[in-house]
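Reviewing the structure listed below.
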Amino acid sequence: MSRAPQESVLKVVVLVLAGFVLVYLGVGNFLAKAWTVTSQAVVQGAPERVAAAVADLGTWSMWSPLDVPLGPETRREVSGQAGAVGQRITWRGPQGTMTLELVRVTPADIGYVLRAGEQGGPDLKFGRIAWDAVAEGTRIEWTESGFFPDFAARWFGWFGAIQERVRAFQQASLAGLQRAIQPTAK
């Protein structure tokens, strides 16, 4: 049996694999390195009620599905002055620590950062929730942005997987916020 057919098949396999790697890295290098997702809603209720619920991280568990599972027995702790820069939610579990911290609080918006670890860890995403009065109640705009840490994440981002998860989270949170601040009947 001749070795020539086996060698040519091996060359084809190596060239195809090399082509896949080059496409993966080459195209991946041109894909977006960051993502941004914005959701908007108009909720019934005064801006002051929205501000009270959004600016106090201690109330988020009542209206937002925000949870960071870090393995069994993950503990969630809120610390810092309610509605003030520096207030944070910290999750601790067997897989590590994550922190969401308020970095901006004004009468019309908040800004926050989600980072790995407690302080000094890498920032994973940034968020801003803004609100203003409209005739129907309060208009809320929620924007989050982050960076894709590697080529695989860029490819997932190209297909929109990460952005759709963030959008679903924002929309669920805004619906929960509507229920939480719903004016009570008198």
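Ordered as shown in the structure tokens, chains take letters A, B, and onward, while each chain numbers its residues from 1 and ligands are numbered from 1 in the order shown.
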Self-check item: Polymer residues at most 12 Å from Thr36 (chain A), only C-alpha atoms, same-chain spacing of 3 or more positions, as an NGL selection string
Solution: :A and (32-33 or 39 or 125-128 or 142-148 or 157 or 160 or 162-167)
Exercise. Excluding Arg104 (chain A) and any residue of its chain fewer than 2 positions from it, enumerate the residues within 10 Å of it, using only C-alpha atoms, and give them as a ChimeraX atom specification.
Key: /A:55,83-86,101-102,106,109-113,128
Quiz prompt | Backbone DSSP call of strand (DSSP E) for region 42-118 of chain A, listed as a VMD selection string | solution = chain A and resid 42 to 43 75 to 79 88 to 93 96 to 105 109 to 116
Self-check item: Shell of 8 Å around Ala133 (chain A), only C-alpha atoms, local chain residues under 5 positions omitted, as a PyMOL selection string
Solution: chain A and resi 46-47+138-139
Exercise. Name all residues at most 12 Å from Ser173 (chain A) (count only C-alpha atoms; drop same-chain ones fewer than 4 positions away) and give them as a list in words.
Key: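 So the residues in contact are Ser39, Gln40, Ala41, Val43, Ala53, Val54, Thr59, Trp60, Ser61, Met62, Trp63, Ser64, Pro65, Leu66, Asp67, Ile129, Ile140, Glu141, Trp142, Val166, Arg167, Ala168, Phe169, Leu177, Gln178, Arg179 and Ala180 of chain A.
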Write a file of the just-selected residues containing N, CA, C and O atoms, as an mmCIF file, in the first residue's frame.
data_model
loop_
_atom_site.group_PDB
_atom_site.id
_atom_site.type_symbol
_atom_site.label_atom_id
_atom_site.label_comp_id
_atom_site.auth_asym_id
_atom_site.auth_seq_id
_atom_site.Cartn_x
_atom_site.Cartn_y
_atom_site.Cartn_z
ATOM 1 N N SER A 39 -32.568 48.870 27.594
ATOM 2 C CA SER A 39 -34.004 48.575 27.636
ATOM 3 C C SER A 39 -34.711 49.781 28.229
ATOM 4 O O SER A 39 -34.158 50.465 29.095
ATOM 5 N N GLN A 40 -35.922 50.012 27.752
ATOM 6 C CA GLN A 40 -36.718 51.131 28.264
ATOM 7 C C GLN A 40 -38.106 50.641 28.633
ATOM 8 O O GLN A 40 -38.609 49.691 28.040
ATOM 9 N N ALA A 41 -38.691 51.321 29.594
ATOM 10 C CA ALA A 41 -40.069 51.029 29.984
ATOM 11 C C ALA A 41 -40.663 52.278 30.618
ATOM 12 O O ALA A 41 -39.943 53.128 31.153
ATOM 13 N N VAL A 43 -43.289 53.047 33.577
ATOM 14 C CA VAL A 43 -43.996 52.400 34.683
ATOM 15 C C VAL A 43 -44.944 53.402 35.331
ATOM 16 O O VAL A 43 -44.702 54.614 35.314
ATOM 17 N N ALA A 53 -36.584 52.763 45.036
ATOM 18 C CA ALA A 53 -36.383 51.332 44.822
ATOM 19 C C ALA A 53 -35.064 51.041 44.109
ATOM 20 O O ALA A 53 -34.345 50.099 44.461
ATOM 21 N N VAL A 54 -34.729 51.848 43.105
ATOM 22 C CA VAL A 54 -33.550 51.577 42.288
ATOM 23 C C VAL A 54 -32.262 51.950 43.016
ATOM 24 O O VAL A 54 -31.264 51.234 42.942
ATOM 25 N N THR A 59 -33.198 46.786 48.215
ATOM 26 C CA THR A 59 -34.541 46.464 47.723
ATOM 27 C C THR A 59 -34.525 45.668 46.424
ATOM 28 O O THR A 59 -35.567 45.191 45.985
ATOM 29 N N TRP A 60 -33.379 45.542 45.794
ATOM 30 C CA TRP A 60 -33.325 44.894 44.485
ATOM 31 C C TRP A 60 -33.863 43.460 44.524
ATOM 32 O O TRP A 60 -34.469 43.014 43.559
ATOM 33 N N SER A 61 -33.647 42.752 45.598
ATOM 34 C CA SER A 61 -34.126 41.357 45.659
ATOM 35 C C SER A 61 -35.649 41.282 45.610
ATOM 36 O O SER A 61 -36.207 40.234 45.298
ATOM 37 N N MET A 62 -36.337 42.395 45.891
ATOM 38 C CA MET A 62 -37.802 42.410 45.854
ATOM 39 C C MET A 62 -38.339 42.583 44.430
ATOM 40 O O MET A 62 -39.489 42.261 44.168
ATOM 41 N N TRP A 63 -37.531 43.108 43.524
ATOM 42 C CA TRP A 63 -38.052 43.377 42.187
ATOM 43 C C TRP A 63 -37.172 42.892 41.036
ATOM 44 O O TRP A 63 -37.612 42.849 39.898
ATOM 45 N N SER A 64 -35.945 42.531 41.308
ATOM 46 C CA SER A 64 -35.030 42.099 40.249
ATOM 47 C C SER A 64 -34.601 40.651 40.451
ATOM 48 O O SER A 64 -34.310 40.242 41.579
ATOM 49 N N PRO A 65 -34.529 39.882 39.368
ATOM 50 C CA PRO A 65 -34.056 38.503 39.502
ATOM 51 C C PRO A 65 -32.536 38.400 39.615
ATOM 52 O O PRO A 65 -31.981 37.313 39.488
ATOM 53 N N LEU A 66 -31.855 39.512 39.861
ATOM 54 C CA LEU A 66 -30.402 39.516 39.947
ATOM 55 C C LEU A 66 -29.935 38.512 40.996
ATOM 56 O O LEU A 66 -30.309 38.603 42.170
ATOM 57 N N ASP A 67 -29.126 37.581 40.552
ATOM 58 C CA ASP A 67 -28.533 36.595 41.449
ATOM 59 C C ASP A 67 -27.242 36.136 40.803
ATOM 60 O O ASP A 67 -27.164 35.993 39.587
ATOM 61 N N ILE A 129 -28.997 53.194 35.316
ATOM 62 C CA ILE A 129 -30.455 53.216 35.294
ATOM 63 C C ILE A 129 -30.866 54.663 35.508
ATOM 64 O O ILE A 129 -30.516 55.275 36.515
ATOM 65 N N ILE A 140 -38.134 54.780 32.336
ATOM 66 C CA ILE A 140 -36.873 54.234 32.854
ATOM 67 C C ILE A 140 -36.049 53.739 31.668
ATOM 68 O O ILE A 140 -36.571 53.062 30.785
ATOM 69 N N GLU A 141 -34.774 54.089 31.680
ATOM 70 C CA GLU A 141 -33.842 53.585 30.675
ATOM 71 C C GLU A 141 -32.708 52.881 31.400
ATOM 72 O O GLU A 141 -32.041 53.472 32.247
ATOM 73 N N TRP A 142 -32.509 51.613 31.070
ATOM 74 C CA TRP A 142 -31.491 50.795 31.724
ATOM 75 C C TRP A 142 -30.466 50.398 30.674
ATOM 76 O O TRP A 142 -30.791 49.729 29.693
ATOM 77 N N VAL A 166 -28.810 39.548 28.744
ATOM 78 C CA VAL A 166 -28.851 40.819 29.475
ATOM 79 C C VAL A 166 -30.194 41.502 29.248
ATOM 80 O O VAL A 166 -30.824 41.988 30.190
ATOM 81 N N ARG A 167 -30.672 41.521 28.004
ATOM 82 C CA ARG A 167 -31.958 42.150 27.694
ATOM 83 C C ARG A 167 -33.103 41.452 28.449
ATOM 84 O O ARG A 167 -33.973 42.108 29.015
ATOM 85 N N ALA A 168 -33.098 40.129 28.487
ATOM 86 C CA ALA A 168 -34.139 39.389 29.216
ATOM 87 C C ALA A 168 -34.088 39.720 30.707
ATOM 88 O O ALA A 168 -35.129 39.903 31.353
ATOM 89 N N PHE A 169 -32.887 39.821 31.270
ATOM 90 C CA PHE A 169 -32.736 40.198 32.675
ATOM 91 C C PHE A 169 -33.285 41.598 32.923
ATOM 92 O O PHE A 169 -34.033 41.834 33.876
ATOM 93 N N LEU A 177 -39.995 45.777 38.851
ATOM 94 C CA LEU A 177 -40.007 47.124 39.418
ATOM 95 C C LEU A 177 -41.411 47.729 39.310
ATOM 96 O O LEU A 177 -41.889 48.356 40.248
ATOM 97 N N GLN A 178 -42.069 47.506 38.187
ATOM 98 C CA GLN A 178 -43.444 47.997 38.019
ATOM 99 C C GLN A 178 -44.353 47.433 39.112
ATOM 100 O O GLN A 178 -45.111 48.154 39.734
ATOM 101 N N ARG A 179 -44.232 46.147 39.370
ATOM 102 C CA ARG A 179 -45.056 45.521 40.425
ATOM 103 C C ARG A 179 -44.693 46.071 41.805
ATOM 104 O O ARG A 179 -45.563 46.292 42.638
ATOM 105 N N ALA A 180 -43.408 46.320 42.030
ATOM 106 C CA ALA A 180 -42.958 46.776 43.349
ATOM 107 C C ALA A 180 -43.410 48.207 43.663
ATOM 108 O O ALA A 180 -43.661 48.535 44.830
#
